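This is entry28.pdb. It holds PDB, C-alpha atoms and all ligand atoms.
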ATOM      1  CA  MET A   1     -97.708 117.852  56.087
ATOM      2  CA  ALA A   2     -96.076 121.243  56.143
ATOM      3  CA  GLU A   3     -97.725 122.058  59.427
ATOM      4  CA  ASP A   4     -96.186 119.015  61.136
ATOM      5  CA  PHE A   5     -92.932 120.824  61.585
ATOM      6  CA  ASP A   6     -91.838 124.303  62.436
ATOM      7  CA  LEU A   7     -91.261 126.391  59.323
ATOM      8  CA  PRO A   8     -89.897 129.879  59.868
ATOM      9  CA  LYS A   9     -91.837 132.275  57.661
ATOM     10  CA  GLY A  10     -90.306 135.224  55.844
ATOM     11  CA  ASP A  11     -89.233 136.613  52.504
ATOM     12  CA  LEU A  12     -85.835 135.012  51.937
ATOM     13  CA  MET A  13     -87.083 133.314  48.751
ATOM     14  CA  ARG A  14     -89.571 135.997  47.658
ATOM     15  CA  GLY A  15     -89.310 136.522  43.883
ATOM     16  CA  LYS A  16     -87.322 133.296  43.399
ATOM     17  CA  ARG A  17     -88.511 130.421  41.237
ATOM     18  CA  GLY A  18     -87.230 126.901  41.121
ATOM     19  CA  VAL A  19     -87.702 123.200  40.477
ATOM     20  CA  VAL A  20     -88.076 120.553  43.180
ATOM     21  CA  MET A  21     -87.466 116.971  42.051
ATOM     22  CA  GLY A  22     -88.332 114.024  44.291
ATOM     23  CA  VAL A  23     -91.512 114.665  46.293
ATOM     24  CA  ALA A  24     -93.142 111.233  46.617
ATOM     25  CA  ASN A  25     -95.244 111.866  49.743
ATOM     26  CA  ASN A  26     -95.382 113.994  52.867
ATOM     27  CA  ASN A  27     -92.404 112.157  54.404
ATOM     28  CA  SER A  28     -90.128 112.951  51.471
ATOM     29  CA  ILE A  29     -87.124 115.141  52.197
ATOM     30  CA  ALA A  30     -88.017 117.120  49.059
ATOM     31  CA  TRP A  31     -91.402 117.866  50.601
ATOM     32  CA  GLY A  32     -89.882 119.220  53.816
ATOM     33  CA  ILE A  33     -87.563 121.445  51.793
ATOM     34  CA  ALA A  34     -90.361 122.629  49.484
ATOM     35  CA  ALA A  35     -92.621 123.490  52.408
ATOM     36  CA  GLN A  36     -89.850 125.598  53.963
ATOM     37  CA  LEU A  37     -89.090 127.337  50.664
ATOM     38  CA  ALA A  38     -92.791 128.116  50.210
ATOM     39  CA  ALA A  39     -92.947 129.570  53.721
ATOM     40  CA  GLN A  40     -90.211 131.966  52.599
ATOM     41  CA  GLY A  41     -92.049 133.006  49.437
ATOM     42  CA  ALA A  42     -90.552 130.736  46.736
ATOM     43  CA  GLU A  43     -92.492 129.831  43.601
ATOM     44  CA  MET A  44     -91.910 126.233  42.538
ATOM     45  CA  ALA A  45     -92.507 123.505  39.994
ATOM     46  CA  PHE A  46     -92.497 119.891  41.230
ATOM     47  CA  THR A  47     -91.436 116.987  39.082
ATOM     48  CA  TYR A  48     -92.867 113.555  39.868
ATOM     49  CA  GLN A  49     -92.687 110.038  38.463
ATOM     50  CA  GLY A  50     -95.818 108.143  37.383
ATOM     51  CA  GLU A  51     -99.553 108.758  37.603
ATOM     52  CA  ALA A  52    -100.030 107.181  41.029
ATOM     53  CA  LEU A  53     -97.481 109.566  42.412
ATOM     54  CA  GLU A  54     -99.184 112.519  40.787
ATOM     55  CA  ARG A  55    -102.345 111.685  42.744
ATOM     56  CA  ARG A  56    -100.358 111.761  45.992
ATOM     57  CA  VAL A  57     -98.212 114.762  45.132
ATOM     58  CA  ARG A  58    -100.900 117.076  43.729
ATOM     59  CA  PRO A  59    -102.720 117.741  47.036
ATOM     60  CA  LEU A  60     -99.398 118.419  48.752
ATOM     61  CA  ALA A  61     -98.309 120.764  45.988
ATOM     62  CA  GLU A  62    -101.593 122.631  46.036
ATOM     63  CA  SER A  63    -101.441 123.049  49.821
ATOM     64  CA  ILE A  64     -98.369 125.273  49.413
ATOM     65  CA  GLY A  65     -99.472 127.003  46.213
ATOM     66  CA  VAL A  66     -97.443 124.937  43.721
ATOM     67  CA  LYS A  67     -99.439 124.780  40.472
ATOM     68  CA  LEU A  68     -96.878 123.371  38.089
ATOM     69  CA  LEU A  69     -96.562 119.578  38.364
ATOM     70  CA  ILE A  70     -94.493 117.942  35.662
ATOM     71  CA  PRO A  71     -93.884 114.233  35.021
ATOM     72  CA  ALA A  72     -90.179 113.427  34.820
ATOM     73  CA  ASP A  73     -88.410 110.077  34.857
ATOM     74  CA  VAL A  74     -84.761 111.029  35.274
ATOM     75  CA  SER A  75     -83.621 107.873  33.499
ATOM     76  CA  ASP A  76     -85.453 108.951  30.334
ATOM     77  CA  GLU A  77     -83.762 111.758  28.408
ATOM     78  CA  ALA A  78     -86.892 112.669  26.446
ATOM     79  CA  SER A  79     -88.837 112.972  29.693
ATOM     80  CA  MET A  80     -86.151 115.281  31.159
ATOM     81  CA  GLU A  81     -86.132 117.352  27.979
ATOM     82  CA  ALA A  82     -89.916 117.768  28.123
ATOM     83  CA  ALA A  83     -89.876 118.562  31.844
ATOM     84  CA  PHE A  84     -87.362 121.373  31.564
ATOM     85  CA  ALA A  85     -89.115 122.687  28.436
ATOM     86  CA  ALA A  86     -92.308 122.908  30.524
ATOM     87  CA  VAL A  87     -90.423 124.776  33.267
ATOM     88  CA  LYS A  88     -89.020 127.178  30.686
ATOM     89  CA  ALA A  89     -92.446 127.739  29.129
ATOM     90  CA  GLU A  90     -93.988 128.577  32.518
ATOM     91  CA  PHE A  91     -91.175 130.378  34.348
ATOM     92  CA  GLY A  92     -88.775 131.500  31.607
ATOM     93  CA  THR A  93     -85.854 131.561  34.024
ATOM     94  CA  ILE A  94     -85.288 129.889  37.393
ATOM     95  CA  ASP A  95     -83.139 130.539  40.459
ATOM     96  CA  PHE A  96     -82.823 127.154  42.154
ATOM     97  CA  LEU A  97     -83.076 123.389  41.806
ATOM     98  CA  VAL A  98     -83.559 120.712  44.465
ATOM     99  CA  HIS A  99     -82.517 117.192  43.434
ATOM    100  CA  ALA A 100     -83.802 114.635  45.965
ATOM    101  CA  ILE A 101     -83.813 111.466  43.892
ATOM    102  CA  ALA A 102     -82.197 108.092  44.341
ATOM    103  CA  PHE A 103     -82.899 104.499  43.382
ATOM    104  CA  SER A 104     -81.410 101.045  43.758
ATOM    105  CA  ASP A 105     -82.922  97.577  43.716
ATOM    106  CA  LYS A 106     -83.669  96.911  47.377
ATOM    107  CA  ASN A 107     -82.611  93.281  46.993
ATOM    108  CA  GLU A 108     -79.079  94.588  46.580
ATOM    109  CA  LEU A 109     -79.181  96.892  49.609
ATOM    110  CA  LYS A 110     -78.259  94.137  52.000
ATOM    111  CA  GLY A 111     -75.385  91.813  52.767
ATOM    112  CA  SER A 112     -72.228  91.935  50.710
ATOM    113  CA  LEU A 113     -71.527  94.556  48.045
ATOM    114  CA  VAL A 114     -69.069  92.190  46.388
ATOM    115  CA  GLU A 115     -71.389  89.194  46.277
ATOM    116  CA  ASN A 116     -74.735  90.892  45.905
ATOM    117  CA  THR A 117     -74.342  93.625  43.281
ATOM    118  CA  THR A 118     -75.308  93.102  39.662
ATOM    119  CA  LYS A 119     -73.826  95.201  36.899
ATOM    120  CA  ALA A 120     -77.308  96.143  35.716
ATOM    121  CA  ASN A 121     -78.377  97.502  39.113
ATOM    122  CA  PHE A 122     -75.011  99.201  39.642
ATOM    123  CA  LEU A 123     -75.462 101.118  36.392
ATOM    124  CA  ARG A 124     -79.111 101.912  37.091
ATOM    125  CA  SER A 125     -78.327 103.136  40.617
ATOM    126  CA  MET A 126     -75.574 105.371  39.257
ATOM    127  CA  GLU A 127     -77.800 106.655  36.472
ATOM    128  CA  ILE A 128     -80.746 107.609  38.668
ATOM    129  CA  SER A 129     -78.846 108.650  41.794
ATOM    130  CA  ALA A 130     -75.745 110.406  40.381
ATOM    131  CA  TRP A 131     -75.871 110.950  36.609
ATOM    132  CA  SER A 132     -79.321 112.554  36.879
ATOM    133  CA  PHE A 133     -77.888 115.389  38.986
ATOM    134  CA  ILE A 134     -75.352 116.173  36.260
ATOM    135  CA  GLU A 135     -78.070 116.199  33.621
ATOM    136  CA  ALA A 136     -80.495 118.223  35.771
ATOM    137  CA  SER A 137     -77.722 120.723  36.583
ATOM    138  CA  ARG A 138     -76.977 121.262  32.899
ATOM    139  CA  ARG A 139     -80.630 121.756  32.062
ATOM    140  CA  ALA A 140     -81.246 124.016  35.078
ATOM    141  CA  ALA A 141     -78.167 126.136  34.352
ATOM    142  CA  GLU A 142     -79.550 126.876  30.886
ATOM    143  CA  LEU A 143     -82.472 128.572  32.641
ATOM    144  CA  MET A 144     -80.270 130.554  35.065
ATOM    145  CA  PRO A 145     -78.898 133.564  33.180
ATOM    146  CA  ASN A 146     -78.693 135.498  36.453
ATOM    147  CA  GLY A 147     -76.981 132.803  38.524
ATOM    148  CA  GLY A 148     -78.631 130.414  40.928
ATOM    149  CA  SER A 149     -78.225 127.615  43.431
ATOM    150  CA  LEU A 150     -78.504 123.836  43.084
ATOM    151  CA  ILE A 151     -78.621 121.231  45.844
ATOM    152  CA  CYS A 152     -78.713 117.452  45.990
ATOM    153  CA  LEU A 153     -79.195 115.027  48.873
ATOM    154  CA  THR A 154     -76.562 112.554  49.941
ATOM    155  CA  TYR A 155     -75.726 110.267  52.875
ATOM    156  CA  LEU A 156     -72.689 109.361  54.974
ATOM    157  CA  GLY A 157     -72.562 105.918  53.315
ATOM    158  CA  SER A 158     -70.566 107.670  50.575
ATOM    159  CA  GLU A 159     -67.639 108.325  52.938
ATOM    160  CA  ARG A 160     -67.879 105.501  55.462
ATOM    161  CA  VAL A 161     -68.935 101.892  55.215
ATOM    162  CA  ILE A 162     -72.531 101.614  56.424
ATOM    163  CA  PRO A 163     -73.991  98.088  56.582
ATOM    164  CA  ASN A 164     -76.352  97.309  53.669
ATOM    165  CA  TYR A 165     -75.978 100.724  52.004
ATOM    166  CA  ASN A 166     -73.609  99.103  49.500
ATOM    167  CA  VAL A 167     -74.100 100.209  45.884
ATOM    168  CA  MET A 168     -75.972 103.299  47.029
ATOM    169  CA  GLY A 169     -72.867 104.372  48.938
ATOM    170  CA  VAL A 170     -70.871 104.121  45.723
ATOM    171  CA  ALA A 171     -73.506 106.143  43.867
ATOM    172  CA  LYS A 172     -73.542 108.807  46.605
ATOM    173  CA  ALA A 173     -69.746 109.075  46.417
ATOM    174  CA  ALA A 174     -70.141 109.768  42.692
ATOM    175  CA  LEU A 175     -72.884 112.295  43.426
ATOM    176  CA  GLU A 176     -70.671 114.174  45.899
ATOM    177  CA  ALA A 177     -67.726 114.230  43.492
ATOM    178  CA  ALA A 178     -70.073 115.416  40.749
ATOM    179  CA  THR A 179     -71.244 118.214  43.066
ATOM    180  CA  ARG A 180     -67.680 119.543  43.255
ATOM    181  CA  TYR A 181     -67.085 119.335  39.492
ATOM    182  CA  ILE A 182     -70.439 120.923  38.681
ATOM    183  CA  ALA A 183     -69.631 123.693  41.185
ATOM    184  CA  ARG A 184     -66.356 124.285  39.341
ATOM    185  CA  ASP A 185     -68.074 124.342  35.943
ATOM    186  CA  LEU A 186     -71.016 126.571  36.871
ATOM    187  CA  GLY A 187     -69.236 128.867  39.345
ATOM    188  CA  PRO A 188     -68.280 131.422  36.687
ATOM    189  CA  LYS A 189     -72.013 131.736  35.916
ATOM    190  CA  GLN A 190     -72.656 132.544  39.584
ATOM    191  CA  ILE A 191     -74.405 129.215  40.079
ATOM    192  CA  ARG A 192     -73.626 127.567  43.415
ATOM    193  CA  VAL A 193     -73.804 123.784  43.803
ATOM    194  CA  ASN A 194     -73.886 121.955  47.122
ATOM    195  CA  ALA A 195     -74.924 118.661  48.674
ATOM    196  CA  ILE A 196     -76.720 118.111  51.976
ATOM    197  CA  SER A 197     -75.629 114.915  53.700
ATOM    198  CA  ALA A 198     -78.702 114.122  55.766
ATOM    199  CA  GLY A 199     -78.968 111.694  58.661
ATOM    200  CA  PRO A 200     -81.495 108.854  58.316
ATOM    201  CA  MET A 201     -85.116 109.939  57.847
ATOM    202  CA  ARG A 202     -88.278 107.792  57.795
ATOM    203  CA  THR A 203     -89.036 107.924  54.059
ATOM    204  CA  LEU A 204     -89.895 105.412  51.330
ATOM    205  CA  SER A 205     -86.232 105.374  50.312
ATOM    206  CA  LEU A 206     -85.073 104.423  53.800
ATOM    207  CA  ALA A 207     -87.662 101.618  53.898
ATOM    208  CA  GLY A 208     -85.837 100.054  50.946
ATOM    209  CA  ILE A 209     -82.584  99.686  52.878
ATOM    210  CA  SER A 210     -82.228  96.587  54.988
ATOM    211  CA  GLY A 211     -81.902  97.664  58.658
ATOM    212  CA  GLY A 212     -82.911 101.251  57.845
ATOM    213  CA  ARG A 213     -84.750 101.681  61.139
ATOM    214  CA  ALA A 214     -81.683 100.597  63.108
ATOM    215  CA  MET A 215     -79.779 103.390  61.368
ATOM    216  CA  ILE A 216     -82.190 105.857  62.955
ATOM    217  CA  GLY A 217     -81.818 104.313  66.423
ATOM    218  CA  LYS A 218     -78.005 104.395  66.312
ATOM    219  CA  GLY A 219     -78.096 107.949  65.017
ATOM    220  CA  ARG A 220     -80.034 108.983  68.101
ATOM    221  CA  SER A 221     -77.857 107.183  70.653
ATOM    222  CA  TRP A 222     -74.438 107.865  69.063
ATOM    223  CA  SER A 223     -74.767 111.420  67.743
ATOM    224  CA  PRO A 224     -73.383 114.301  69.833
ATOM    225  CA  LEU A 225     -76.833 115.911  69.911
ATOM    226  CA  ARG A 226     -78.421 112.594  71.005
ATOM    227  CA  GLU A 227     -81.398 113.144  68.731
ATOM    228  CA  ASP A 228     -82.837 112.152  65.359
ATOM    229  CA  THR A 229     -82.042 114.279  62.361
ATOM    230  CA  SER A 230     -84.932 116.713  61.967
ATOM    231  CA  MET A 231     -86.774 117.734  58.819
ATOM    232  CA  GLU A 232     -86.528 121.314  60.111
ATOM    233  CA  GLY A 233     -82.737 121.030  60.163
ATOM    234  CA  ILE A 234     -82.517 119.685  56.605
ATOM    235  CA  ALA A 235     -85.048 122.190  55.277
ATOM    236  CA  GLY A 236     -83.275 125.028  57.087
ATOM    237  CA  CYS A 237     -79.948 124.042  55.545
ATOM    238  CA  ALA A 238     -81.592 123.934  52.124
ATOM    239  CA  LEU A 239     -83.063 127.395  52.698
ATOM    240  CA  TRP A 240     -79.630 128.733  53.632
ATOM    241  CA  LEU A 241     -77.968 127.196  50.577
ATOM    242  CA  LEU A 242     -80.703 128.194  48.127
ATOM    243  CA  SER A 243     -81.190 131.761  49.361
ATOM    244  CA  ALA A 244     -78.832 134.723  49.336
ATOM    245  CA  LEU A 245     -77.723 133.634  52.829
ATOM    246  CA  GLY A 246     -75.691 130.913  51.143
ATOM    247  CA  ARG A 247     -73.645 133.343  49.068
ATOM    248  CA  SER A 248     -69.957 132.349  48.828
ATOM    249  CA  THR A 249     -70.626 128.671  49.623
ATOM    250  CA  THR A 250     -70.241 126.227  46.752
ATOM    251  CA  GLY A 251     -68.919 122.723  46.158
ATOM    252  CA  GLU A 252     -69.632 121.690  49.760
ATOM    253  CA  VAL A 253     -71.088 118.562  51.285
ATOM    254  CA  ILE A 254     -72.810 119.760  54.441
ATOM    255  CA  HIS A 255     -73.769 117.236  57.095
ATOM    256  CA  VAL A 256     -77.141 117.667  58.750
ATOM    257  CA  ASP A 257     -77.137 114.597  60.957
ATOM    258  CA  ALA A 258     -77.028 115.724  64.611
ATOM    259  CA  GLY A 259     -73.234 115.420  64.333
ATOM    260  CA  PHE A 260     -73.250 111.646  63.779
ATOM    261  CA  HIS A 261     -70.518 111.849  61.122
ATOM    262  CA  ILE A 262     -67.861 113.189  63.536
ATOM    263  CA  VAL A 263     -68.051 110.192  65.864
ATOM    264  CA  GLY A 264     -65.230 107.667  65.474
ATOM    265  CA  LEU A 265     -66.062 105.481  68.467
ATOM    266  CA  PRO A 266     -69.427 105.979  70.152
ATOM    267  CA  ASP A 267     -69.390 106.434  73.943
ATOM    268  CA  GLU A 268     -71.640 103.422  74.485
ATOM    269  CA  GLU A 269     -69.103 101.197  72.692
ATOM    270  CA  ALA A 270     -66.128 102.612  74.610
ATOM    271  CA  GLU A 271     -66.719 101.207  78.106
ATOM    272  CA  GLY A 272     -63.512  99.897  79.570
ATOM    273  CA  ILE A 273     -61.286 101.812  77.157
ATOM    274  CA  GLY A 274     -58.797 104.276  78.644
ATOM    275  CA  GLY A 275     -59.071 105.703  82.219
TER
HETATM  276  P1  LIG A 301     -88.386 109.423  48.861
HETATM  277  O1  LIG A 301     -89.475 110.187  49.504
HETATM  278  O2  LIG A 301     -88.631 108.004  48.505
HETATM  279  O3  LIG A 301     -87.856 110.242  47.613
HETATM  280  C1  LIG A 301     -87.082 109.651  46.593
HETATM  281  C2  LIG A 301     -87.620 110.163  45.287
HETATM  282  O4  LIG A 301     -86.828 109.711  44.176
HETATM  283  C3  LIG A 301     -89.051 109.687  45.019
HETATM  284  O5  LIG A 301     -89.858 110.793  44.677
HETATM  285  C4  LIG A 301     -88.849 108.752  43.855
HETATM  286  O6  LIG A 301     -89.971 108.590  43.032
HETATM  287  C5  LIG A 301     -87.736 109.472  43.124
HETATM  288  N1  LIG A 301     -87.205 108.675  42.019
HETATM  289  C6  LIG A 301     -86.666 107.436  42.056
HETATM  290  N2  LIG A 301     -86.362 107.047  40.785
HETATM  291  C7  LIG A 301     -86.719 108.058  39.966
HETATM  292  C8  LIG A 301     -86.667 108.270  38.561
HETATM  293  N3  LIG A 301     -86.171 107.351  37.721
HETATM  294  N4  LIG A 301     -87.125 109.442  38.054
HETATM  295  C9  LIG A 301     -87.630 110.382  38.862
HETATM  296  N5  LIG A 301     -87.733 110.241  40.201
HETATM  297  C10 LIG A 301     -87.275 109.092  40.751
HETATM  298  O7  LIG A 301     -87.105 109.365  49.839
HETATM  299  P2  LIG A 301     -86.150 110.488  50.470
HETATM  300  O8  LIG A 301     -85.507 109.812  51.608
HETATM  301  O9  LIG A 301     -86.873 111.742  50.670
HETATM  302  O10 LIG A 301     -85.033 110.640  49.340
HETATM  303  C11 LIG A 301     -84.671 111.899  48.777
HETATM  304  C12 LIG A 301     -83.148 111.982  48.662
HETATM  305  O11 LIG A 301     -82.596 112.063  49.975
HETATM  306  C13 LIG A 301     -82.484 110.789  47.978
HETATM  307  O12 LIG A 301     -81.412 111.231  47.189
HETATM  308  C14 LIG A 301     -81.971 110.013  49.169
HETATM  309  O13 LIG A 301     -80.895 109.154  48.827
HETATM  310  C15 LIG A 301     -81.535 111.148  50.053
HETATM  311  N6  LIG A 301     -81.286 110.826  51.462
HETATM  312  C16 LIG A 301     -82.225 110.164  52.176
HETATM  313  C17 LIG A 301     -81.965 109.879  53.502
HETATM  314  C18 LIG A 301     -82.975 109.124  54.338
HETATM  315  O14 LIG A 301     -82.604 108.606  55.391
HETATM  316  N7  LIG A 301     -84.224 109.030  53.952
HETATM  317  C19 LIG A 301     -80.761 110.274  54.102
HETATM  318  C20 LIG A 301     -79.828 110.970  53.330
HETATM  319  C21 LIG A 301     -80.106 111.230  52.009
HETATM  320  P3  LIG A 301     -90.706 107.114  43.098
HETATM  321  O15 LIG A 301     -91.321 107.047  44.461
HETATM  322  O16 LIG A 301     -91.671 107.151  41.979
HETATM  323  O17 LIG A 301     -89.645 106.081  42.896
END

As a first step, turn the structure in this file into structure tokens.
Amino acid sequence: MAEDFDLPKGDLMRGKRGVVMGVANNNSIAWGIAAQLAAQGAEMAFTYQGEALERRVRPLAESIGVKLLIPADVSDEASMEAAFAAVKAEFGTIDFLVHAIAFSDKNELKGSLVENTTKANFLRSMEISAWSFIEASRRAAELMPNGGSLICLTYLGSERVIPNYNVMGVAKAALEAATRYIARDLGPKQIRVNAISAGPMRTLSLAGISGGRAMIGKGRSWSPLREDTSMEGIAGCALWLLSALGRSTTGEVIHVDAGFHIVGLPDEEAEGIGG
């Protein structure tokens, strides 16, 4: 819940309205970000997928004053159309969008990418995890006559080979490239577009990746900060990017991973090398 982590309160998002896509439960990264934005005065709409999820998401939303809950399956164009029409009807204009959505068949998030990836799941993973950010950006930008800020969530498996991440790494690479092109396209409208590359977090999505827990353990022992990635750190980065503090930053992929991404050879693997 929001109170499980430290959320600096203030007015950085006072008067700003936005859409948060991807709260599934209280471990979701989108939830951590939304709780921080609420603590800084933001007004939000949540999109969710499916009735079961609505039952889980509604109490969370209500606990931070979010009244607008809208069903949206990002792989269904009519559903996206209806969702953004509902946002427009309620808010008129918006200032920010959080895209925290990804999907791949978990049977293909293990072993060999070459041997274990079907065309159907490749296309579905790309559609839900990368294409949907392009579509959501277009629809959000239509509601941002005064500029705004968009963020998506990515992972290091886009840049480096991470065991089992496979097709999701390819989709995240597409998402990061899309972030740069969308930033180019929407920049003249004063809309900033950035990606947060988060370290591993204990969420439903991570549970779908074979060896996901080991990713957390290695993150702790190999990262320069020698700690897990924190929800506070991710939510704080989102607050920076989505508020006026983030002015002048666009098209970036910002790592929030305790520094894990800078390590080429971890100390614990380097015994006996050099002096
Ligand atoms: P999460 O709580 O499982 O959130 C993922 C969300 O995506 C869920 O709300 C899920 O809804 C939604 N989703 C999947 N398919 C959808 C569709 N067709 N239409 C609409 N929504 C759909 O996991 P999370 O870890 O917070 O993931 C949020 C983002 O952070 C993802 O982009 C993920 O890749 C990224 N990320 C995660 C980590 C990590 O270690 N956890 C690290 C870096 C980046 P359903 O539950 O209904 O499928």

### Task
Please give me, as number ranges by chain, the residues lying within 8 Å of ligand LIG 301 (chain A) when counting all atoms listed in the file.
A: 21-31, 47-50, 53, 72-76, 99-103, 128-129, 152-156, 168, 172, 196-206, 212

### Task
Just give me the gap between CA of Gly18 (chain A) and CA of Asp95 (chain A) in Å, one decimal is fine.
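Computing it gives 5.5 Å between the two atoms.
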
Need the axis-aligned box for region 24-41 of chain A with 5 Å each side, so what are the centre and edges in Å to one decimal, as JSON?
{"center_x": -91.3, "center_y": 122.1, "center_z": 50.5, "size_x": 18.3, "size_y": 31.8, "size_z": 17.8}

### Message
Applying the PyMOL selection byres (((chain A and resi 219-233) around 12) and not hetatm) to the file I just gave you, which residues come out? Please list them as number ranges by chain.
### Response
A: 1-8, 26-37, 156, 196-203, 212-218, 234-240, 254-270

Save out the residues we just selected, C-alpha atoms, as a short mmCIF file (atom, residue, chain, number, x, y, z; two decimals), in the frame of the given file.
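That gives us selection.cif:
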data_model
loop_
_atom_site.label_atom_id
_atom_site.label_comp_id
_atom_site.auth_asym_id
_atom_site.auth_seq_id
_atom_site.Cartn_x
_atom_site.Cartn_y
_atom_site.Cartn_z
CA MET A 1 -97.71 117.85 56.09
CA ALA A 2 -96.08 121.24 56.14
CA GLU A 3 -97.72 122.06 59.43
CA ASP A 4 -96.19 119.02 61.14
CA PHE A 5 -92.93 120.82 61.58
CA ASP A 6 -91.84 124.30 62.44
CA LEU A 7 -91.26 126.39 59.32
CA PRO A 8 -89.90 129.88 59.87
CA ASN A 26 -95.38 113.99 52.87
CA ASN A 27 -92.40 112.16 54.40
CA SER A 28 -90.13 112.95 51.47
CA ILE A 29 -87.12 115.14 52.20
CA ALA A 30 -88.02 117.12 49.06
CA TRP A 31 -91.40 117.87 50.60
CA GLY A 32 -89.88 119.22 53.82
CA ILE A 33 -87.56 121.44 51.79
CA ALA A 34 -90.36 122.63 49.48
CA ALA A 35 -92.62 123.49 52.41
CA GLN A 36 -89.85 125.60 53.96
CA LEU A 37 -89.09 127.34 50.66
CA LEU A 156 -72.69 109.36 54.97
CA ILE A 196 -76.72 118.11 51.98
CA SER A 197 -75.63 114.92 53.70
CA ALA A 198 -78.70 114.12 55.77
CA GLY A 199 -78.97 111.69 58.66
CA PRO A 200 -81.50 108.85 58.32
CA MET A 201 -85.12 109.94 57.85
CA ARG A 202 -88.28 107.79 57.80
CA THR A 203 -89.04 107.92 54.06
CA GLY A 212 -82.91 101.25 57.84
CA ARG A 213 -84.75 101.68 61.14
CA ALA A 214 -81.68 100.60 63.11
CA MET A 215 -79.78 103.39 61.37
CA ILE A 216 -82.19 105.86 62.96
CA GLY A 217 -81.82 104.31 66.42
CA LYS A 218 -78.00 104.40 66.31
CA ILE A 234 -82.52 119.68 56.60
CA ALA A 235 -85.05 122.19 55.28
CA GLY A 236 -83.28 125.03 57.09
CA CYS A 237 -79.95 124.04 55.54
CA ALA A 238 -81.59 123.93 52.12
CA LEU A 239 -83.06 127.40 52.70
CA TRP A 240 -79.63 128.73 53.63
CA ILE A 254 -72.81 119.76 54.44
CA HIS A 255 -73.77 117.24 57.10
CA VAL A 256 -77.14 117.67 58.75
CA ASP A 257 -77.14 114.60 60.96
CA ALA A 258 -77.03 115.72 64.61
CA GLY A 259 -73.23 115.42 64.33
CA PHE A 260 -73.25 111.65 63.78
CA HIS A 261 -70.52 111.85 61.12
CA ILE A 262 -67.86 113.19 63.54
CA VAL A 263 -68.05 110.19 65.86
CA GLY A 264 -65.23 107.67 65.47
CA LEU A 265 -66.06 105.48 68.47
CA PRO A 266 -69.43 105.98 70.15
CA ASP A 267 -69.39 106.43 73.94
CA GLU A 268 -71.64 103.42 74.48
CA GLU A 269 -69.10 101.20 72.69
CA ALA A 270 -66.13 102.61 74.61
#

#### Entry: 8 Å contact set for Phe46 (chain A), all atoms listed in the file, chain neighbours under 3 positions out, as a list of chain:residue names
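What passes the distance filter is A:Val19, A:Val20, A:Met21, A:Gly22, A:Val23, A:Ala61, A:Val66, A:Leu68, A:Leu69, A:Ile70.
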
### Task
Dig up all the protein and nucleic acid residues within 12 Å of (-67.9, 125.1, 42.4) in the file frame, using only C-alpha atoms, and format them as a PyMOL selection string.
chain A and resi 149-151+176-195+248-253

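For the pair CA of Leu109 (chain A) and CA of Ile209 (chain A), the separation is 5.5 Å.
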
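Comparing the minimum interatomic distances between Ala207 (chain A) and each of A:Asn116, A:Asn121, A:Ser104, A:Gln40, counting all atoms listed in the file, we find that A:Ser104 sits nearest.
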
#### Entry: Point-to-point distance from CA of Arg139 (chain A) to CA of Tyr165 (chain A), Å rounded to tenths
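Computing it gives 29.4 Å between the two atoms.
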
### Task
Identify, on the basis of only C-alpha atoms, every residue whose closest approach to Ala136 (chain A) does not exceed 9 Å; exclude the query and any residue fewer than 4 positions from it along the same chain; express the result as a PyMOL selection string.
chain A and resi 74+80+84+97+99+131-132+140-141

### Task
Let me know the residues the PyMOL selection byres (((chain A and resi 122) around 10) and not hetatm) catches in the file above, as a list in words.
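After applying the PyMOL selection byres (((chain A and resi 122) around 10) and not hetatm), what remains is Ser104, Asp105, Glu108, Thr117, Thr118, Lys119, Ala120, Asn121, Leu123, Arg124, Ser125, Met126, Glu127, Asn166, Val167, Met168, Val170 and Ala171 of chain A.
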
### Task
Pick out the closest residue to Gly41 (chain A) from this set: A:Met13, A:Val57, A:Met144, A:Ala89. Count only C-alpha atoms.
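Once distances to Gly41 (chain A) are computed over only C-alpha atoms, the minimum belongs to A:Met13.
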
Kindly output region 101-107 of chain A as a PDB file, in the frame of the given file, after building N, CA and C atoms.
ATOM      1  N   ILE A 101     -83.437 112.674  44.628  1.00  0.00           N
ATOM      2  CA  ILE A 101     -83.813 111.466  43.892  1.00  0.00           C
ATOM      3  C   ILE A 101     -82.726 110.410  44.015  1.00  0.00           C
ATOM      4  N   ALA A 102     -83.144 109.208  44.301  1.00  0.00           N
ATOM      5  CA  ALA A 102     -82.197 108.092  44.341  1.00  0.00           C
ATOM      6  C   ALA A 102     -82.968 106.806  44.095  1.00  0.00           C
ATOM      7  N   PHE A 103     -82.271 105.820  43.564  1.00  0.00           N
ATOM      8  CA  PHE A 103     -82.899 104.499  43.382  1.00  0.00           C
ATOM      9  C   PHE A 103     -81.846 103.407  43.331  1.00  0.00           C
ATOM     10  N   SER A 104     -82.159 102.289  43.958  1.00  0.00           N
ATOM     11  CA  SER A 104     -81.410 101.045  43.758  1.00  0.00           C
ATOM     12  C   SER A 104     -82.359  99.901  44.049  1.00  0.00           C
ATOM     13  N   ASP A 105     -82.128  98.774  43.433  1.00  0.00           N
ATOM     14  CA  ASP A 105     -82.922  97.577  43.716  1.00  0.00           C
ATOM     15  C   ASP A 105     -82.721  97.200  45.183  1.00  0.00           C
ATOM     16  N   LYS A 106     -83.838  97.129  45.940  1.00  0.00           N
ATOM     17  CA  LYS A 106     -83.669  96.911  47.377  1.00  0.00           C
ATOM     18  C   LYS A 106     -83.093  95.525  47.694  1.00  0.00           C
ATOM     19  N   ASN A 107     -83.210  94.603  46.763  1.00  0.00           N
ATOM     20  CA  ASN A 107     -82.611  93.281  46.993  1.00  0.00           C
ATOM     21  C   ASN A 107     -81.091  93.348  47.059  1.00  0.00           C
TER      22      ASN A 107
END
